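Enquirer: Can you read through this structure? Questions will come right after.
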Amino acid sequence: MPRYAQLVIGPAGSGKSTYCSTMVQHSQAFNRSVQVVNLDPAAEHFDYPVMADIRELIQVDDVMEDDSLRFGPNGGLVFCMEYFANNFDWLEESLGHVEDDYILFDCPGQIELYTHLPVMKQLVEQLQQWEFRVCGVFLVDSQFMVESFKFISGVMAALSAMVSLEIPQVNIMTKMDLLSPKAKKEIEKYLDPDMYSMMEDNSDTIRSTKFKKLTKAICGLIDDYSMVRFLPFDRTDEEGINIVLQHIDFSIQYGEDLEFKEPKEVDEEAANLNYDEIFQDKVSS
């Protein structure tokens with residue numbers, strides 16, 4: 001039987017560890033087994049149990065303190081990940097060979113690992129050899145995405161990771177619970193954006209003709225091919241968490257022999273109410 005994996009990636013501070021913790025708690029409430037592997041050699045704290053921790057293999061602090069290497073924080077982290085790529089046998093031994101595993105890989109926040117360095121691509125290929133169905137979960141801080149040009153930057157980072165890793169990818173805006181009511185209304189247009197309209201709204205701020213043409217080309221790529229869309233993630237909203245998990249499960253066909261259903265739409269208010277009642281009943285029982 002296949003095994004399943006979420007590769008939780010994204011910039012530093014985007015909420016990857018919080019996402020993993022939330023998913024573990026959500027799954028436990030429904031008696032669903034989800035494990036977490038920490039792949040961040042610079043991690044200091046996380047509030048979930050891990051089945052494997054890369055810091056048992058190598059740590060950034062040890063690399064930085066090595067006088068023969070003399071790496072800084074960024075160079076040290078890249079060195080750690082390259083060392084990890086040469087020691088996948090450690091990961092294989094840590095994961096074991098349990099069928100029907102569902103594992104979240106909490107990855108480092110250095111964006112170059114997902115754009116032009118080969119380490120994460122090598123990890124994906126190795127997991128696939130071990131019969132894992134892998135989905136990339138790209139997180140972006142919603143507080144960063146409330147302006148058009150910052151949004152385009154986030155979209156390009158997500159697209160770059162998607163092209164580099166060549167796996168199904170679900171893109172998520174995290175920390176929605178930290179937004180003000182005004183910011184939440186503002187960010188709705190970025191979840192399923194009309195890129196051309198967005199560009200027209202900001203055309204007066206672009207003075208350079210070349211930059212305007214480049215921005216138009218990028219918007220066209222995103223809009224015409226529907227390459228990147230985002231799901232909102234509010235850790236206090238159980239229905240929203242369930243919708244995100246449904247999209248990811250659907251992309252890797254988790255439980256396909258259980259007559260898997262396509263994800264529900266986000267705006268099903270009636271379903272939200274019913275789900276909340278069911279969830280409260282399960283928690284109270």
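Ligands are numbered from 1 in the order shown, chains are lettered A, B, ... in the order of the structure tokens, and residues start at 1 in each chain.
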Which residues are near A:Tyr102? Cut-off 10 Å, only C-alpha atoms, ignore same chain within fewer than 6 positions. Put them as an MDAnalysis selection string.

Expert: chainID A and resid 2:6 32:36 132:134 254

Enquirer: Using the selection just defined, write its residues with N, CA and C atoms as a short mmCIF file (atom, residue, chain, number, x, y, z; two decimals), in the first residue's frame.

Expert:
```cif
data_model
loop_
_atom_site.label_atom_id
_atom_site.label_comp_id
_atom_site.auth_asym_id
_atom_site.auth_seq_id
_atom_site.Cartn_x
_atom_site.Cartn_y
_atom_site.Cartn_z
N PRO A 2 0.38 2.32 -0.62
CA PRO A 2 1.16 3.56 -0.65
C PRO A 2 1.22 4.22 0.72
N ARG A 3 2.20 5.10 0.88
CA ARG A 3 2.31 5.92 2.07
C ARG A 3 2.15 7.37 1.60
N TYR A 4 1.85 8.25 2.53
CA TYR A 4 1.47 9.62 2.16
C TYR A 4 2.31 10.63 2.92
N ALA A 5 2.63 11.74 2.23
CA ALA A 5 3.49 12.74 2.85
C ALA A 5 3.09 14.14 2.41
N GLN A 6 3.11 15.06 3.38
CA GLN A 6 3.02 16.48 3.09
C GLN A 6 4.40 17.09 3.31
N ARG A 32 -7.45 10.11 13.69
CA ARG A 32 -6.67 9.89 12.47
C ARG A 32 -5.19 10.01 12.81
N SER A 33 -4.39 9.06 12.38
CA SER A 33 -2.98 9.02 12.73
C SER A 33 -2.16 9.87 11.76
N VAL A 34 -1.52 10.91 12.28
CA VAL A 34 -0.63 11.76 11.50
C VAL A 34 0.66 11.94 12.29
N GLN A 35 1.79 11.66 11.64
CA GLN A 35 3.10 11.80 12.27
C GLN A 35 3.83 13.02 11.69
N VAL A 36 4.83 13.52 12.43
CA VAL A 36 5.60 14.68 11.98
C VAL A 36 7.08 14.35 12.03
N PHE A 132 6.01 6.74 -1.32
CA PHE A 132 5.23 7.84 -0.76
C PHE A 132 4.56 8.61 -1.89
N ARG A 133 3.31 8.99 -1.66
CA ARG A 133 2.66 9.98 -2.52
C ARG A 133 2.84 11.33 -1.83
N VAL A 134 3.52 12.26 -2.50
CA VAL A 134 3.97 13.49 -1.85
C VAL A 134 3.21 14.69 -2.39
N TYR A 254 -5.44 10.25 -0.93
CA TYR A 254 -5.45 9.55 0.35
C TYR A 254 -6.83 8.94 0.58
#
```

Enquirer: Select from stretch 58-157 of chain A everything DSSP, run on the backbone, classes as helix (DSSP H, G or I), then give the selection as a PyMOL selection string.

Expert: chain A and resi 60-65+73-85+88-95+112-115+119-129+142-144+148-157

Enquirer: Would you mind telling me which residue in A:Met199, A:Leu113, A:Ile103, A:Val228 lies nearest to A:Gly154 when using only C-alpha atoms?

Expert: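 Closest to A:Gly154 of all the choices is A:Val228.
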
Enquirer: Would you mind telling me which residue in A:Lys184, A:Met162, A:Glu93, A:Phe88 lies nearest to A:Leu127 when using only C-alpha atoms?

Expert: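 Closest residue, counting only C-alpha atoms: A:Phe88.
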
Enquirer: Give me, as an MDAnalysis selection string, all polymer residues having an atom no more than 7 Å from stretch 109-111 of chain A, counting only C-alpha atoms and skipping those fewer than 3 positions away in the same chain.

Expert: chainID A and resid 9:12 114:115

Enquirer: Any chance you can output those residues with N, CA and C atoms as a tab-separated table (two decimals), in the first residue's frame?

Expert:
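Result file follows (part.tsv):
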```tsv
chain	number	residue	atom	x	y	z
A	9	ILE	N	6.44	23.50	3.30
A	9	ILE	CA	7.52	24.39	2.90
A	9	ILE	C	7.03	25.84	2.88
A	10	GLY	N	7.96	26.76	2.71
A	10	GLY	CA	7.60	28.17	2.67
A	10	GLY	C	8.67	29.02	3.34
A	11	PRO	N	8.56	30.34	3.22
A	11	PRO	CA	9.57	31.24	3.80
A	11	PRO	C	9.62	31.13	5.31
A	12	ALA	N	10.72	31.62	5.88
A	12	ALA	CA	10.86	31.65	7.33
A	12	ALA	C	9.76	32.51	7.94
A	114	TYR	N	13.98	25.56	-2.08
A	114	TYR	CA	12.84	25.15	-2.91
A	114	TYR	C	12.88	25.78	-4.31
A	115	THR	N	13.88	26.61	-4.56
A	115	THR	CA	13.91	27.31	-5.84
A	115	THR	C	15.04	26.83	-6.74
```

Enquirer: What are the closest atom pairs, with distances in Å to one decimal, for each residue of stretch 136-156 of chain A lying within 10 Å of stretch 193-197 of chain A, using only C-alpha atoms, rows by chain and rising residue number, as a tab-separated table?

Expert:
```
residue	atom	partner	partner_atom	distance
A:Ser148	CA	A:Met195	CA	9.2
A:Phe151	CA	A:Pro193	CA	10.0
A:Ile152	CA	A:Met195	CA	8.9
```

Enquirer: In Å, how far is it from atom CA of A:Leu165 to atom CA of A:Pro41?

Expert: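 Atom CA of A:Pro41 lies at a distance of 20.7 Å from atom CA of A:Leu165.
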
Enquirer: So how many Å separate atom CA of A:Glu239 and atom CA of A:Cys20, to one decimal?

Expert: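 Straight-line distance from atom CA of A:Glu239 to atom CA of A:Cys20 works out to 16.5 Å.
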
Enquirer: Could you pull the residues within 12 Å of A:Leu117, counting only C-alpha atoms, minus those fewer than 3 positions along the same chain, as a PyMOL selection string?

Expert: chain A and resi 78-79+81-82+85+110-114+120-123+160-161+164-165

Enquirer: Based on the selection just made, write C-alpha atoms of those residues as a PDB file, in the first residue's frame.

Expert:
```
ATOM      1  CA  VAL A  78      22.577  24.667   3.511  1.00  0.00           C
ATOM      2  CA  PHE A  79      25.512  22.499   4.600  1.00  0.00           C
ATOM      3  CA  MET A  81      20.661  19.922   4.297  1.00  0.00           C
ATOM      4  CA  GLU A  82      23.316  18.760   1.833  1.00  0.00           C
ATOM      5  CA  ALA A  85      20.795  14.480   1.357  1.00  0.00           C
ATOM      6  CA  GLN A 110      15.321  29.062   3.484  1.00  0.00           C
ATOM      7  CA  ILE A 111      13.563  29.793   0.223  1.00  0.00           C
ATOM      8  CA  GLU A 112      16.539  28.816  -1.951  1.00  0.00           C
ATOM      9  CA  LEU A 113      16.059  25.201  -0.856  1.00  0.00           C
ATOM     10  CA  TYR A 114      12.844  25.153  -2.910  1.00  0.00           C
ATOM     11  CA  MET A 120      14.441  19.115  -1.617  1.00  0.00           C
ATOM     12  CA  LYS A 121      14.005  17.694  -5.104  1.00  0.00           C
ATOM     13  CA  GLN A 122      16.297  14.828  -4.116  1.00  0.00           C
ATOM     14  CA  LEU A 123      14.196  14.287  -0.991  1.00  0.00           C
ATOM     15  CA  SER A 160       9.061  28.569  -8.366  1.00  0.00           C
ATOM     16  CA  ALA A 161       8.752  25.836  -5.721  1.00  0.00           C
ATOM     17  CA  SER A 164      11.310  22.958  -8.984  1.00  0.00           C
ATOM     18  CA  LEU A 165       9.770  20.083  -7.008  1.00  0.00           C
TER      19      LEU A 165
END
```

Enquirer: I'd like the contact shell of A:His45 - 12 Å cut-off, only C-alpha atoms, skipping same-chain residues fewer than 6 positions apart - returned as an NGL selection string.

Expert: :A and (17-18 or 21 or 38 or 53 or 55)

Enquirer: In Å, with one decimal, what is the gap from atom CA of A:Glu147 to atom CA of A:Ala183?

Expert: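 Answer for the atom CA of A:Glu147 to atom CA of A:Ala183 separation: 10.2 Å.
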
Enquirer: Taking only stretch 62-223 of chain A into account, list the residues labelled strand (DSSP E) by DSSP (computed from the backbone), as a PyMOL selection string.

Expert: chain A and resi 102-106+132-141+169-174

Enquirer: Of the residues A:Lys175, A:Lys185, A:His247, A:Arg207, which is the one nearest to A:Phe144, using only C-alpha atoms?

Expert: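 Among the listed residues, the smallest separation from A:Phe144 belongs to A:Lys175.
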
Enquirer: Do a neighbour search on A:Ser94 at 12 Å with only C-alpha atoms, toss out local chain neighbours closer than 3 positions, and write the hits as a list in words.

Expert: Gln35, Val36, Val37, Asn38, Val50, Met51, Ala52, Asp53, Ile54, Glu56, Leu57, Asn87, Phe88, Asp89, Trp90, Leu91, His97 and Val98 of chain A

Enquirer: May I have the residues within 10 Å of A:Leu178 as a list of chain:residue names, using only C-alpha atoms and disregarding those fewer than 6 positions away in the same chain?

Expert: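 Using only C-alpha atoms, the neighbours found are A:Ser142, A:Gln143, A:Lys184, A:Asp234, A:Arg235.
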
Enquirer: Kindly save the residues from that selection, with C-alpha atoms included, as a PDB file, in the first residue's frame.

Expert:
```
ATOM      1  CA  SER A 142      -1.305  36.375   4.993  1.00  0.00           C
ATOM      2  CA  GLN A 143      -0.077  39.517   6.766  1.00  0.00           C
ATOM      3  CA  LYS A 184      -9.631  39.914   6.152  1.00  0.00           C
ATOM      4  CA  ASP A 234      -7.126  29.986  10.343  1.00  0.00           C
ATOM      5  CA  ARG A 235      -5.949  27.718  13.152  1.00  0.00           C
TER       6      ARG A 235
END
```

Enquirer: Which residue out of A:Ile58, A:Met227, A:Met1, A:Met156 has the minimum interatomic distance to A:Gln169 when only C-alpha atoms are used?

Expert: A:Met227

Enquirer: Of the candidates A:Pro232, A:Asp141, A:Trp130, A:Pro181, which shows the shortest atom-to-atom distance to A:Leu95, using only C-alpha atoms?

Expert: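 Under the stated criterion, the closest residue is A:Trp130.
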
Enquirer: A:Glu44, A:Asp61, A:Glu200, A:Asp249: which is nearest A:Pro168, counting only C-alpha atoms?

Expert: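 Ranked by minimum distance to A:Pro168, first place goes to A:Asp249.
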